[in-house]
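What follows is the content of entry-v3.txt (compact mmCIF, C-alpha atoms).
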# COMPACT_ATOMS: atom_id res chain seq x y z
CA MET C 1 -7.86 21.52 136.92
CA ALA C 2 -8.45 24.88 135.26
CA ALA C 3 -5.21 24.49 133.31
CA LEU C 4 -6.42 21.17 131.95
CA VAL C 5 -9.75 22.66 130.88
CA ASP C 6 -7.90 25.56 129.22
CA LEU C 7 -5.69 23.06 127.42
CA VAL C 8 -8.71 21.10 126.20
CA PHE C 9 -10.43 24.22 124.86
CA SER C 10 -7.23 25.45 123.22
CA ILE C 11 -6.90 22.09 121.42
CA LYS C 12 -10.51 22.33 120.23
CA TRP C 13 -10.07 25.90 118.94
CA TRP C 14 -6.71 25.07 117.38
CA GLY C 15 -8.43 22.40 115.23
CA LEU C 16 -11.12 24.87 114.20
CA ALA C 17 -8.49 27.50 113.36
CA ARG C 18 -6.68 24.98 111.13
CA LEU C 19 -9.91 24.28 109.27
CA MET C 20 -10.60 27.97 108.79
CA ASP C 21 -7.05 28.60 107.54
CA ALA C 22 -7.39 25.77 105.03
CA GLU C 23 -10.70 27.19 103.80
CA ARG C 24 -9.16 30.66 103.36
CA ALA C 25 -6.24 29.17 101.41
CA ASP C 26 -8.70 27.31 99.17
CA GLN C 27 -10.59 30.53 98.51
CA LEU C 28 -7.39 32.41 97.59
CA HIS C 29 -6.30 29.53 95.37
CA SER C 30 -9.70 29.44 93.70
CA ALA C 31 -9.59 33.20 93.11
CA ARG C 32 -6.17 32.86 91.43
CA VAL C 33 -7.44 30.09 89.13
CA LYS C 34 -10.49 32.21 88.21
CA GLN C 35 -8.20 35.14 87.45
CA LEU C 36 -6.03 32.97 85.20
CA LEU C 37 -9.13 31.67 83.41
CA GLN C 38 -10.29 35.24 82.75
CA GLU C 39 -6.86 36.37 81.55
CA GLY C 40 -6.68 33.40 79.20
CA GLU C 41 -10.18 34.13 77.94
CA GLN C 42 -9.21 37.75 77.21
CA ALA C 43 -6.06 36.65 75.37
CA PHE C 44 -8.04 34.10 73.36
CA ALA C 45 -10.73 36.66 72.48
CA SER C 46 -8.05 39.08 71.27
CA GLY C 47 -6.52 36.35 69.08
CA ASP C 48 -3.40 35.74 71.17
CA ARG C 49 -3.58 31.93 71.30
CA ARG C 50 -0.02 31.64 72.63
CA LEU C 51 -0.74 33.81 75.66
CA ALA C 52 -4.05 32.03 76.24
CA HIS C 53 -2.22 28.70 76.07
CA GLU C 54 0.43 29.82 78.59
CA THR C 55 -2.17 31.28 80.95
CA TRP C 56 -4.41 28.23 80.88
CA ARG C 57 -1.38 25.93 81.33
CA GLU C 58 -0.55 27.89 84.48
CA ALA C 59 -4.16 27.49 85.66
CA VAL C 60 -4.00 23.72 85.00
CA THR C 61 -0.80 23.54 87.02
CA ALA C 62 -2.47 25.45 89.86
CA ASP C 63 -5.63 23.31 89.83
CA PRO C 64 -5.24 20.08 87.85
CA TYR C 65 -8.69 18.83 88.89
CA ASN C 66 -10.65 21.74 87.44
CA GLU C 67 -12.67 20.57 84.44
CA VAL C 68 -13.36 24.14 83.27
CA VAL C 69 -9.63 24.88 83.04
CA TRP C 70 -8.96 21.75 80.98
CA LEU C 71 -11.87 22.59 78.67
CA ALA C 72 -10.43 26.06 78.13
CA LEU C 73 -6.96 24.66 77.45
CA LEU C 74 -8.40 22.19 74.94
CA ARG C 75 -9.45 25.14 72.75
CA VAL C 76 -5.84 26.17 72.09
CA LEU C 77 -4.08 22.81 71.93
CA GLU C 78 -2.91 21.85 68.47
CA GLY C 79 -0.93 18.65 69.00
CA GLU C 80 -2.94 15.44 68.80
CA ASP C 81 -1.18 13.92 71.82
CA ASP C 82 -1.77 17.01 73.94
CA ARG C 83 -5.44 16.99 72.96
CA VAL C 84 -5.74 13.29 73.85
CA VAL C 85 -4.16 13.79 77.29
CA CYS C 86 -6.35 16.85 77.86
CA LEU C 87 -9.51 14.95 76.94
CA GLU C 88 -8.49 11.97 79.08
CA ASN C 89 -8.01 14.33 82.02
CA ILE C 90 -11.43 15.90 81.45
CA ILE C 91 -13.01 12.44 81.43
CA ALA C 92 -11.07 11.44 84.56
CA ILE C 93 -12.50 14.49 86.34
CA ASN C 94 -16.01 14.09 84.91
CA PRO C 95 -16.72 10.64 83.48
CA LEU C 96 -20.17 11.88 82.39
CA ASN C 97 -18.78 14.46 79.94
CA VAL C 98 -20.25 13.02 76.74
CA GLU C 99 -18.72 15.68 74.50
CA ALA C 100 -15.21 14.97 75.79
CA ARG C 101 -15.73 11.24 75.18
CA ARG C 102 -16.92 11.95 71.63
CA LEU C 103 -13.94 14.23 70.93
CA LEU C 104 -11.52 11.66 72.37
CA ARG C 105 -12.93 8.94 70.11
CA ARG C 106 -12.51 11.30 67.15
CA GLU C 107 -8.90 12.12 68.15
CA LEU C 108 -8.10 8.41 68.47
CA GLY C 109 -9.72 7.66 65.11
CA GLN C 110 -12.42 5.48 66.64
CA PRO C 111 -15.88 5.32 65.07
CA GLU C 112 -18.66 7.48 66.44
CA MET C 113 -21.03 5.71 68.82
CA PRO C 114 -24.64 5.62 67.61
CA ALA C 115 -27.32 7.15 69.79
CA ARG C 116 -28.40 3.66 70.82
CA ALA C 117 -25.71 1.02 70.80
CA ARG C 118 -26.81 -2.10 68.99
CA LYS C 119 -25.34 -5.53 69.39
CA PRO C 120 -22.99 -6.28 66.51
CA ALA C 121 -24.11 -8.94 64.08
CA PRO C 122 -22.35 -12.25 64.63
CA GLY C 123 -19.48 -12.81 62.28
CA PRO C 124 -15.76 -12.31 62.00
CA ALA C 125 -14.26 -9.37 63.84
CA PRO C 126 -12.96 -6.56 61.64
CA ALA C 127 -9.23 -6.50 61.08
CA PRO C 128 -7.39 -4.02 63.31
CA THR C 129 -6.20 -0.90 61.59
CA LYS C 130 -2.65 0.32 61.94
CA THR C 131 -2.12 3.86 63.15
CA ALA C 132 0.97 5.98 62.97
CA PRO C 133 2.91 6.24 66.23
CA ARG C 134 2.08 9.36 68.20
CA LYS C 135 4.64 11.78 69.52
CA ALA C 136 4.81 12.28 73.27
CA SER C 137 2.48 14.80 74.86
CA THR C 138 3.74 17.82 76.75
CA LEU C 139 0.79 17.54 79.16
CA SER C 140 0.70 15.29 82.19
CA PRO C 141 -2.23 13.11 83.16
CA ILE C 142 -3.80 14.09 86.44
CA PRO C 143 -2.96 11.85 89.40
CA GLU C 144 -5.29 8.89 89.85
CA SER C 145 -6.57 9.69 93.31
CA ARG C 146 -7.41 12.98 94.87
CA GLU C 147 -9.25 13.69 98.02
CA HIS C 148 -12.41 15.69 97.54
CA PRO C 149 -12.35 19.03 99.44
CA LEU C 150 -15.49 18.05 101.36
CA THR C 151 -13.80 14.85 102.52
CA ALA C 152 -10.90 16.89 103.85
CA LEU C 153 -13.34 19.24 105.59
CA VAL C 154 -15.25 16.37 107.19
CA ARG C 155 -12.00 14.75 108.32
CA GLY C 156 -10.83 18.07 109.76
CA LEU C 157 -14.12 18.58 111.55
CA GLY C 158 -13.92 15.04 112.87
CA ILE C 159 -10.45 15.62 114.25
CA GLY C 160 -11.41 18.96 115.79
CA LEU C 161 -14.62 17.62 117.28
CA GLY C 162 -12.92 14.43 118.40
CA LEU C 163 -10.26 16.41 120.27
CA GLY C 164 -12.94 18.64 121.74
CA VAL C 165 -15.00 15.68 122.93
CA LEU C 166 -11.90 14.01 124.33
CA GLY C 167 -11.12 17.18 126.26
CA VAL C 168 -14.63 17.37 127.66
CA VAL C 169 -14.50 13.70 128.71
CA ILE C 170 -11.17 14.28 130.46
CA ALA C 171 -12.48 17.40 132.19
CA VAL C 172 -15.67 15.64 133.36
CA THR C 173 -13.67 12.64 134.54
CA ILE C 174 -11.32 14.84 136.56
CA THR C 175 -14.27 16.73 138.04
CA ILE C 176 -15.98 13.48 139.08
CA VAL C 177 -12.77 12.10 140.59
CA GLN C 178 -12.28 15.31 142.56
CA MET C 179 -15.90 15.22 143.81
CA LEU C 180 -15.54 11.60 144.92
CA ALA C 181 -12.25 12.22 146.70

As C-alpha cells, please, write out the structure in this file.
Amino acid sequence: MAALVDLVFSIKWWGLARLMDAERADQLHSARVKQLLQEGEQAFASGDRRLAHETWREAVTADPYNEVVWLALLRVLEGEDDRVVCLENIIAINPLNVEARRLLRRELGQPEMPARARKPAPGPAPAPTKTAPRKASTLSPIPESREHPLTALVRGLGIGLGLGVLGVVIAVTITIVQMLA
C-alpha cells in the first residue's frame, strides 16, 4: 500500500518537475533572444547593417513568433520580397498591427486605405495593373499554427493534476477496500 502511495506521489511530482523544466528552458531561450536583439541593436546603431541583419536573422530563427524580432529585422531588409514576407509574418503574429498592414500595402503597390473606408461608387471596376514578377524571398513564412505557451502550461498542469488526482483516487480506493476486508 505504501509503495502505491509513493508511486502516486512520484508521478504527481514528476509532472510538476517537467513543467518547471519547460519553464526554465523558456526563460533561457527568451534570454538568448533578448541578447540577440540587443547585439543587433548595437550593430545597427554603430552602422553595421550586415551584422545587425545576421544577428536578427539568428533571433528570428530562435523565436519565429516574436513580433519585436521581426520588426527589428524589417529595419535592415532591402529586398522587396524579404520585406513582404517579414511584414506578412508580423501580421500573422499580430493581426492588429496597423503600421505593418500599411507598410505591406505600400510594398505590394496597393493604394493607401483612407481613415474611414467608403463604399465605392457603382460603376465599372478599374482595370487590373500588371506588376513585375518578384524574385523569391530568402525569409520563410512562420508556420500557420503554434501553440501558445499558456496553453502548453495549462495542458501540462492538467496532466500533472490529473495524474495526481488519479493517484489519490487509487490510494483512497485501496484504503477503503482494505478497511472493508

>> Would you compute the distance between atom CA of C:Leu36 and atom CA of C:Ala59? Give it in Å to one decimal.
In response: 5.8 Å

> Out of C:Ala45, C:Leu139, C:Ala100, C:Ala31, which residue has the shortest atom-to-atom distance to C:Pro64 when counting all atoms listed in the file?
Replying inline: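 So, comparing all the options, the nearest one is C:Leu139.
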
> What is the distance, in Å and to one decimal place, between atom CA of C:Asp48 and atom CA of C:Cys86?
Replying inline: 20.3 Å

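Here atom CA of C:Val60 stands at a distance of 20.2 Å from atom CA of C:Leu96.
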
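The smallest atom-to-atom distance between C:Ala72 and any of C:Ile91, C:Val84, C:Met179, C:Leu37, using only C-alpha atoms, is found for C:Leu37.
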
>> Between C:Asp63, C:Glu99, C:Glu54, C:Asp81, which residue has the minimum interatomic distance to C:Glu41, considering only C-alpha atoms?
In response: C:Glu54

> Looking at all atoms listed in the file, which of C:Arg101, C:Arg49, C:Arg75, C:Lys34 is the one that sits closest to C:Glu88?
Replying inline: C:Arg101

> Can you list, as a ChimeraX atom specification, every protein, DNA or RNA residue that comes within 12 Å of C:Asn94 when you count all atoms listed in the file, leaving out same-chain residues fewer than 6 positions away?
Replying inline: /C:65-68,70-71,87-88,100-101
